[in-house]
Amino acid sequence: MPLPNRLARWTAWVTLSMLFAAAALVGAPTVAAEQPLRMDTYVVDSAKVLDGGQADRVRAAVDQLYADQQVRLWVVYVRDFGGLTPEAWADSTATKSGFGKHDLLLAIATQDSAYWLSGELPSGVTDSELDTLLTRTVEPALRKGGLADAGVEMADGLRGAMNGGGSNYRVLLVLGGVLVLIIGGLVLFSRTRRRARAKDELAAARQVDPENTTALAALPLEALHTRSREVLVELDNAIRTSAEELALATGEFGATAALPFTTALDHAKTAAAKAFSIRQRLDDDIPETPEEQRTLLVDLLGTVGRADRELDAQVDEFDAMRNLLINAADRLDGLTRDLVELTGRVPTSDAELSRLTAAQPASVLAPIHDNVTMARERITFAEQNIDAGRAALTQPVGKQGGAVAAIRAAEAAVGQSRTLLDAVDNAAADIQQARDGLPAVLDELRRDIASATELSGYGGTELAAAIAAAQTVLGTAEATAAANPLDAFHTAVATDGDLDRAIAAATDRKLADEDLRRRLDQALTGARARITAASDYISTRRGGIDAEARTRLSEAQRNLDAAQQLGASDPAKAMSHAQAAADLGGRALQAAQASVRAWEASQPPSGTAQAGAILGGILIDGFLRGASTGSRRSGSSDWSAGSYGGSSGSRRISRGGRF
């Protein structure tokens, strides 16, 4: 084929191919690159990869994050990042959208298989928690194609981290309810077992020798408490009965003959007073540790046990002395004479009680209103036992033992009858004495309340309770003074005694507090002086001072600030901080001086003004401030004057990757 023809055909073919290519390009749809955009809603799906339900899930998770933590998470799905780096695209979108420090942007490019998280890390979320969330939750969801899951996991993960691990509180609530039921059943079961165990432990405690301190200390604490209350009642009853018997024996045989028994009884009374004092200490509002309680209880039980044994040791001798059968007939005659005297007193006492009943409110006479009736009953009981005693004495020798019990019962009844009638006969005088003395007692109580109120800052709960009790008693006494002067008088006197003791304790604390505050002022003055000296030294020589001196000074200032803040509310703790501040201030100055000496030793001798300015921190090594671009030259500008600025950290986050 001729060359011109072939060239023409080749040209036509090339032209036709170009026309077809152009037509194809014109007819094909154009995919534009995704440029940074302004976010107008929290979830944007410009890549069209989410269906309606998926978008709603992401939106709900984002809304819940904001509702719980007020953190705004924006999620955008795009095809690509428009030729920009993920970080640049995300930062540009955040800028266009006007995001602040509470806004986070999660950008996901579906075709690029890349994502980026931009914003400020929320408070409560650590860098490691964020890394774990991204690498173990978000990225795996993206790799599996769970684009919606990635957005949900991002929101839920942040919320969980800020909630302290994302505990499911509903589950916890249900578990808590189940736990309460289980605990309730266990408590009921344990109470039943505890009662049975306590009963057994108390029975064991009763068998322990009260002077065996080792065995007592090994007993459970609750058993010791219960046993202590039992023995106190037992000893108190024994002392009262012994006192009545001893009074009769003393009257019969004389004080000299009764001296051994009187001594034993006095010892028992002293022991009882000590034991009751220990019990009161255990029962008051000031708590003791378990070990302190155990020590006190062992002491109490031992004290009571020794007193009880001392009384028991005198029983045989006492009974021998009071062998009532030796002169039983004379004793019965004496008791008969006592009954005649008491019987003669009854009408007079009865008349006095009637007069008092007409003149005084019933509340005043409540303690004695049935005394005469009870005295008559005791007299009748005594008569019966005297008759029984005389009948017993008619029996043959060896069978007259019943007379002893009858005589003792008659003696007890006669003694109680006399006490009952004496109370009625003396009531008028006691009531009048209380009525006359009550105004002065109430005035004293008012003055003590006023004094106690002035000390309220030093008395604590003890003084506050005493003041409240005194005010209550004062109000009650003022209201009932006319109706019940005797009770008002005794209650006011007892309450004033309690208040006096609380006032004394508060006064001691006030004096101690005033002394502490004087010493605190002196300590603060000394600490300030030391800190000022160290601070001035460091400020004027900071170019040659290392971190140790500055650390000591910072700690000294912190302790001084704490001392000044606590001075009014807790002077004791403030004193501790003031002393620490003074000590640290002195150590800061010593460390600073040592640092300057080391710096001077490392410098060539010059004595120039420039060297002094460098030591004073006026000229700063430009290299240390990041300003030097080369090696320092003598006299060059690498040394420059300091200016405002410093190093600072940031919680700004910007991280992401491929998936």
# chains A, B, ... in the order shown; residues from 1 in each chain; ligands from 1
$ residues_around --residues "Thr270 of chain A" --least-positions-apart "4" --cutoff "12 Å" --atoms "only C-alpha atoms" --output "list in words"
Leu235, Asp236, Ile239, Thr263, Ala264, Leu265, Asp266, Lys274, Ala275, Phe276, Ser277, Thr303, Val304, Arg306, Ala307 and Asp308 of chain A
$ residues_around --residues "Ile449 of chain A" --least-positions-apart "5" --cutoff "12 Å" --atoms "only C-alpha atoms" --output "list in words"
Leu442, Asp443, Glu444, Glu454, Leu455, Ser456, Leu463, Ala464, Ala465, Ala466, Ile467, Ala468, Ala469, Ala470, Gln471, Thr472, Val473, Leu474, Ala492, Thr495, Asp496, Gly497, Asp498, Leu499, Asp500, Ala502 and Ile503 of chain A
$ residues_around --residues "segment 55-67 of chain A" --least-positions-apart "4" --cutoff "8 Å" --atoms "only C-alpha atoms" --output "ChimeraX atom specification"
/A:42-43,50-51,71-74,148-149,151-152,155-156,158-159
$ closest_atom_pairs --of "segment 294-346 of chain A" --to "segment 211-218 of chain A" --cutoff "7 Å" --atoms "only C-alpha atoms" --output "CSV"
residue,atom,partner,partner_atom,distance
A:Arg294,CA,A:Ala217,CA,6.6
A:Val298,CA,A:Leu216,CA,6.1
A:Gly302,CA,A:Glu211,CA,5.0
A:Gly305,CA,A:Glu211,CA,6.8
$ closest_residue --among "A:Glu139, A:Glu383, A:Asp487, A:Asp68" --to "Ile431 of chain A" --atoms "only C-alpha atoms"
A:Asp487
$ residues_around --residues "segment 581-586 of chain A" --least-positions-apart "4" --cutoff "12 Å" --atoms "only C-alpha atoms" --output "JSON, numbers by chain"
{"A": [520, 522, 523, 524, 525, 526, 527, 528, 529, 530, 531, 532, 533, 534, 535, 536, 537, 538, 548, 549, 550, 551, 552, 553, 554, 555, 556, 557, 558, 559, 560, 561, 562, 563, 564, 574, 575, 576, 577, 590, 591, 592, 593]}
$ select_by_dssp --residues "segment 337-380 of chain A" --states "alpha helix (DSSP H)" --output "PyMOL selection string"
chain A and resi 337-359+362-365+371-380
$ residues_around --residues "segment 129-137 of chain A" --least-positions-apart "4" --cutoff "8 Å" --atoms "only C-alpha atoms" --output "list in words"
Val125, Ala141, Ala150, Glu153, Met154, Gly157, Leu158 and Ala161 of chain A
$ residues_around --residues "Leu356 of chain A" --least-positions-apart "6" --cutoff "12 Å" --atoms "only C-alpha atoms" --output "list in words"
Ser349, Asp350, Ala362, Ser363, Val364, Leu365, Ala366, Ile368, His369, Val424, Asp425, Asn426, Ala427, Ala428, Ala429, Asp430, Ile431 and Gln432 of chain A
$ atom_distance --atom1 "atom CA of Met39 of chain A" --atom2 "atom CA of Glu87 of chain A"
16.3 Å
$ atom_distance --atom1 "atom CA of Ala249 of chain A" --atom2 "atom CA of Ala412 of chain A"
12.5 Å
$ decode --residues "segment 134-161 of chain A" --atoms "N, CA, C and O atoms" --output "PDB file, in the first residue's frame"
ATOM      1  N   LEU A 134      -9.181   3.031  71.227  1.00  0.00           N
ATOM      2  CA  LEU A 134      -9.010   3.109  69.772  1.00  0.00           C
ATOM      3  C   LEU A 134      -8.507   1.783  69.196  1.00  0.00           C
ATOM      4  O   LEU A 134      -9.033   1.288  68.191  1.00  0.00           O
ATOM      5  N   THR A 135      -7.469   1.206  69.841  1.00  0.00           N
ATOM      6  CA  THR A 135      -6.820   0.036  69.244  1.00  0.00           C
ATOM      7  C   THR A 135      -7.573  -1.260  69.481  1.00  0.00           C
ATOM      8  O   THR A 135      -7.462  -2.203  68.691  1.00  0.00           O
ATOM      9  N   ARG A 136      -8.329  -1.338  70.575  1.00  0.00           N
ATOM     10  CA  ARG A 136      -8.988  -2.602  70.907  1.00  0.00           C
ATOM     11  C   ARG A 136     -10.492  -2.606  70.640  1.00  0.00           C
ATOM     12  O   ARG A 136     -11.119  -3.659  70.720  1.00  0.00           O
ATOM     13  N   THR A 137     -11.043  -1.435  70.365  1.00  0.00           N
ATOM     14  CA  THR A 137     -12.493  -1.385  70.162  1.00  0.00           C
ATOM     15  C   THR A 137     -12.860  -0.726  68.837  1.00  0.00           C
ATOM     16  O   THR A 137     -13.548  -1.317  67.998  1.00  0.00           O
ATOM     17  N   VAL A 138     -12.404   0.514  68.636  1.00  0.00           N
ATOM     18  CA  VAL A 138     -12.817   1.266  67.447  1.00  0.00           C
ATOM     19  C   VAL A 138     -12.208   0.668  66.180  1.00  0.00           C
ATOM     20  O   VAL A 138     -12.913   0.392  65.203  1.00  0.00           O
ATOM     21  N   GLU A 139     -10.885   0.493  66.167  1.00  0.00           N
ATOM     22  CA  GLU A 139     -10.235  -0.021  64.956  1.00  0.00           C
ATOM     23  C   GLU A 139     -10.738  -1.420  64.580  1.00  0.00           C
ATOM     24  O   GLU A 139     -11.001  -1.683  63.397  1.00  0.00           O
ATOM     25  N   PRO A 140     -10.874  -2.375  65.543  1.00  0.00           N
ATOM     26  CA  PRO A 140     -11.423  -3.686  65.158  1.00  0.00           C
ATOM     27  C   PRO A 140     -12.816  -3.581  64.550  1.00  0.00           C
ATOM     28  O   PRO A 140     -13.144  -4.322  63.613  1.00  0.00           O
ATOM     29  N   ALA A 141     -13.658  -2.674  65.058  1.00  0.00           N
ATOM     30  CA  ALA A 141     -14.993  -2.509  64.479  1.00  0.00           C
ATOM     31  C   ALA A 141     -14.898  -2.006  63.043  1.00  0.00           C
ATOM     32  O   ALA A 141     -15.633  -2.468  62.156  1.00  0.00           O
ATOM     33  N   LEU A 142     -13.990  -1.058  62.779  1.00  0.00           N
ATOM     34  CA  LEU A 142     -13.822  -0.541  61.421  1.00  0.00           C
ATOM     35  C   LEU A 142     -13.313  -1.630  60.473  1.00  0.00           C
ATOM     36  O   LEU A 142     -13.753  -1.748  59.332  1.00  0.00           O
ATOM     37  N   ARG A 143     -12.364  -2.449  60.952  1.00  0.00           N
ATOM     38  CA  ARG A 143     -11.803  -3.499  60.095  1.00  0.00           C
ATOM     39  C   ARG A 143     -12.863  -4.529  59.708  1.00  0.00           C
ATOM     40  O   ARG A 143     -12.815  -5.130  58.643  1.00  0.00           O
ATOM     41  N   LYS A 144     -13.833  -4.750  60.614  1.00  0.00           N
ATOM     42  CA  LYS A 144     -14.902  -5.706  60.330  1.00  0.00           C
ATOM     43  C   LYS A 144     -16.033  -5.089  59.523  1.00  0.00           C
ATOM     44  O   LYS A 144     -17.038  -5.749  59.247  1.00  0.00           O
ATOM     45  N   GLY A 145     -15.906  -3.795  59.181  1.00  0.00           N
ATOM     46  CA  GLY A 145     -16.952  -3.128  58.423  1.00  0.00           C
ATOM     47  C   GLY A 145     -18.056  -2.560  59.297  1.00  0.00           C
ATOM     48  O   GLY A 145     -19.080  -2.099  58.775  1.00  0.00           O
ATOM     49  N   GLY A 146     -17.863  -2.583  60.580  1.00  0.00           N
ATOM     50  CA  GLY A 146     -18.888  -2.041  61.484  1.00  0.00           C
ATOM     51  C   GLY A 146     -18.708  -0.547  61.650  1.00  0.00           C
ATOM     52  O   GLY A 146     -18.285  -0.072  62.714  1.00  0.00           O
ATOM     53  N   LEU A 147     -19.025   0.224  60.606  1.00  0.00           N
ATOM     54  CA  LEU A 147     -18.807   1.671  60.649  1.00  0.00           C
ATOM     55  C   LEU A 147     -19.668   2.320  61.730  1.00  0.00           C
ATOM     56  O   LEU A 147     -19.207   3.196  62.472  1.00  0.00           O
ATOM     57  N   ALA A 148     -20.932   1.902  61.812  1.00  0.00           N
ATOM     58  CA  ALA A 148     -21.804   2.450  62.857  1.00  0.00           C
ATOM     59  C   ALA A 148     -21.322   2.004  64.233  1.00  0.00           C
ATOM     60  O   ALA A 148     -21.328   2.775  65.202  1.00  0.00           O
ATOM     61  N   ASP A 149     -20.873   0.733  64.331  1.00  0.00           N
ATOM     62  CA  ASP A 149     -20.377   0.222  65.610  1.00  0.00           C
ATOM     63  C   ASP A 149     -19.189   1.044  66.095  1.00  0.00           C
ATOM     64  O   ASP A 149     -19.035   1.293  67.305  1.00  0.00           O
ATOM     65  N   ALA A 150     -18.328   1.470  65.179  1.00  0.00           N
ATOM     66  CA  ALA A 150     -17.160   2.257  65.571  1.00  0.00           C
ATOM     67  C   ALA A 150     -17.585   3.567  66.234  1.00  0.00           C
ATOM     68  O   ALA A 150     -17.029   3.978  67.257  1.00  0.00           O
ATOM     69  N   GLY A 151     -18.575   4.252  65.650  1.00  0.00           N
ATOM     70  CA  GLY A 151     -19.057   5.499  66.260  1.00  0.00           C
ATOM     71  C   GLY A 151     -19.692   5.262  67.618  1.00  0.00           C
ATOM     72  O   GLY A 151     -19.471   6.026  68.568  1.00  0.00           O
ATOM     73  N   VAL A 152     -20.489   4.187  67.712  1.00  0.00           N
ATOM     74  CA  VAL A 152     -21.133   3.871  69.000  1.00  0.00           C
ATOM     75  C   VAL A 152     -20.086   3.527  70.046  1.00  0.00           C
ATOM     76  O   VAL A 152     -20.144   3.997  71.191  1.00  0.00           O
ATOM     77  N   GLU A 153     -19.100   2.698  69.688  1.00  0.00           N
ATOM     78  CA  GLU A 153     -18.062   2.295  70.636  1.00  0.00           C
ATOM     79  C   GLU A 153     -17.240   3.499  71.087  1.00  0.00           C
ATOM     80  O   GLU A 153     -16.815   3.576  72.239  1.00  0.00           O
ATOM     81  N   MET A 154     -16.996   4.444  70.173  1.00  0.00           N
ATOM     82  CA  MET A 154     -16.240   5.638  70.548  1.00  0.00           C
ATOM     83  C   MET A 154     -16.979   6.426  71.620  1.00  0.00           C
ATOM     84  O   MET A 154     -16.397   6.822  72.642  1.00  0.00           O
ATOM     85  N   ALA A 155     -18.273   6.647  71.423  1.00  0.00           N
ATOM     86  CA  ALA A 155     -19.075   7.408  72.390  1.00  0.00           C
ATOM     87  C   ALA A 155     -19.214   6.654  73.701  1.00  0.00           C
ATOM     88  O   ALA A 155     -19.001   7.215  74.789  1.00  0.00           O
ATOM     89  N   ASP A 156     -19.557   5.362  73.624  1.00  0.00           N
ATOM     90  CA  ASP A 156     -19.750   4.578  74.849  1.00  0.00           C
ATOM     91  C   ASP A 156     -18.446   4.396  75.606  1.00  0.00           C
ATOM     92  O   ASP A 156     -18.421   4.391  76.843  1.00  0.00           O
ATOM     93  N   GLY A 157     -17.340   4.236  74.866  1.00  0.00           N
ATOM     94  CA  GLY A 157     -16.053   4.058  75.524  1.00  0.00           C
ATOM     95  C   GLY A 157     -15.630   5.293  76.300  1.00  0.00           C
ATOM     96  O   GLY A 157     -15.121   5.195  77.420  1.00  0.00           O
ATOM     97  N   LEU A 158     -15.831   6.471  75.706  1.00  0.00           N
ATOM     98  CA  LEU A 158     -15.503   7.708  76.425  1.00  0.00           C
ATOM     99  C   LEU A 158     -16.375   7.864  77.659  1.00  0.00           C
ATOM    100  O   LEU A 158     -15.906   8.234  78.742  1.00  0.00           O
ATOM    101  N   ARG A 159     -17.659   7.581  77.490  1.00  0.00           N
ATOM    102  CA  ARG A 159     -18.585   7.720  78.623  1.00  0.00           C
ATOM    103  C   ARG A 159     -18.226   6.744  79.745  1.00  0.00           C
ATOM    104  O   ARG A 159     -18.236   7.096  80.927  1.00  0.00           O
ATOM    105  N   GLY A 160     -17.870   5.516  79.343  1.00  0.00           N
ATOM    106  CA  GLY A 160     -17.497   4.527  80.351  1.00  0.00           C
ATOM    107  C   GLY A 160     -16.234   4.919  81.090  1.00  0.00           C
ATOM    108  O   GLY A 160     -16.145   4.773  82.307  1.00  0.00           O
ATOM    109  N   ALA A 161     -15.228   5.432  80.362  1.00  0.00           N
ATOM    110  CA  ALA A 161     -13.985   5.845  81.012  1.00  0.00           C
ATOM    111  C   ALA A 161     -14.225   6.985  81.988  1.00  0.00           C
ATOM    112  O   ALA A 161     -13.654   7.028  83.079  1.00  0.00           O
TER     113      ALA A 161
END
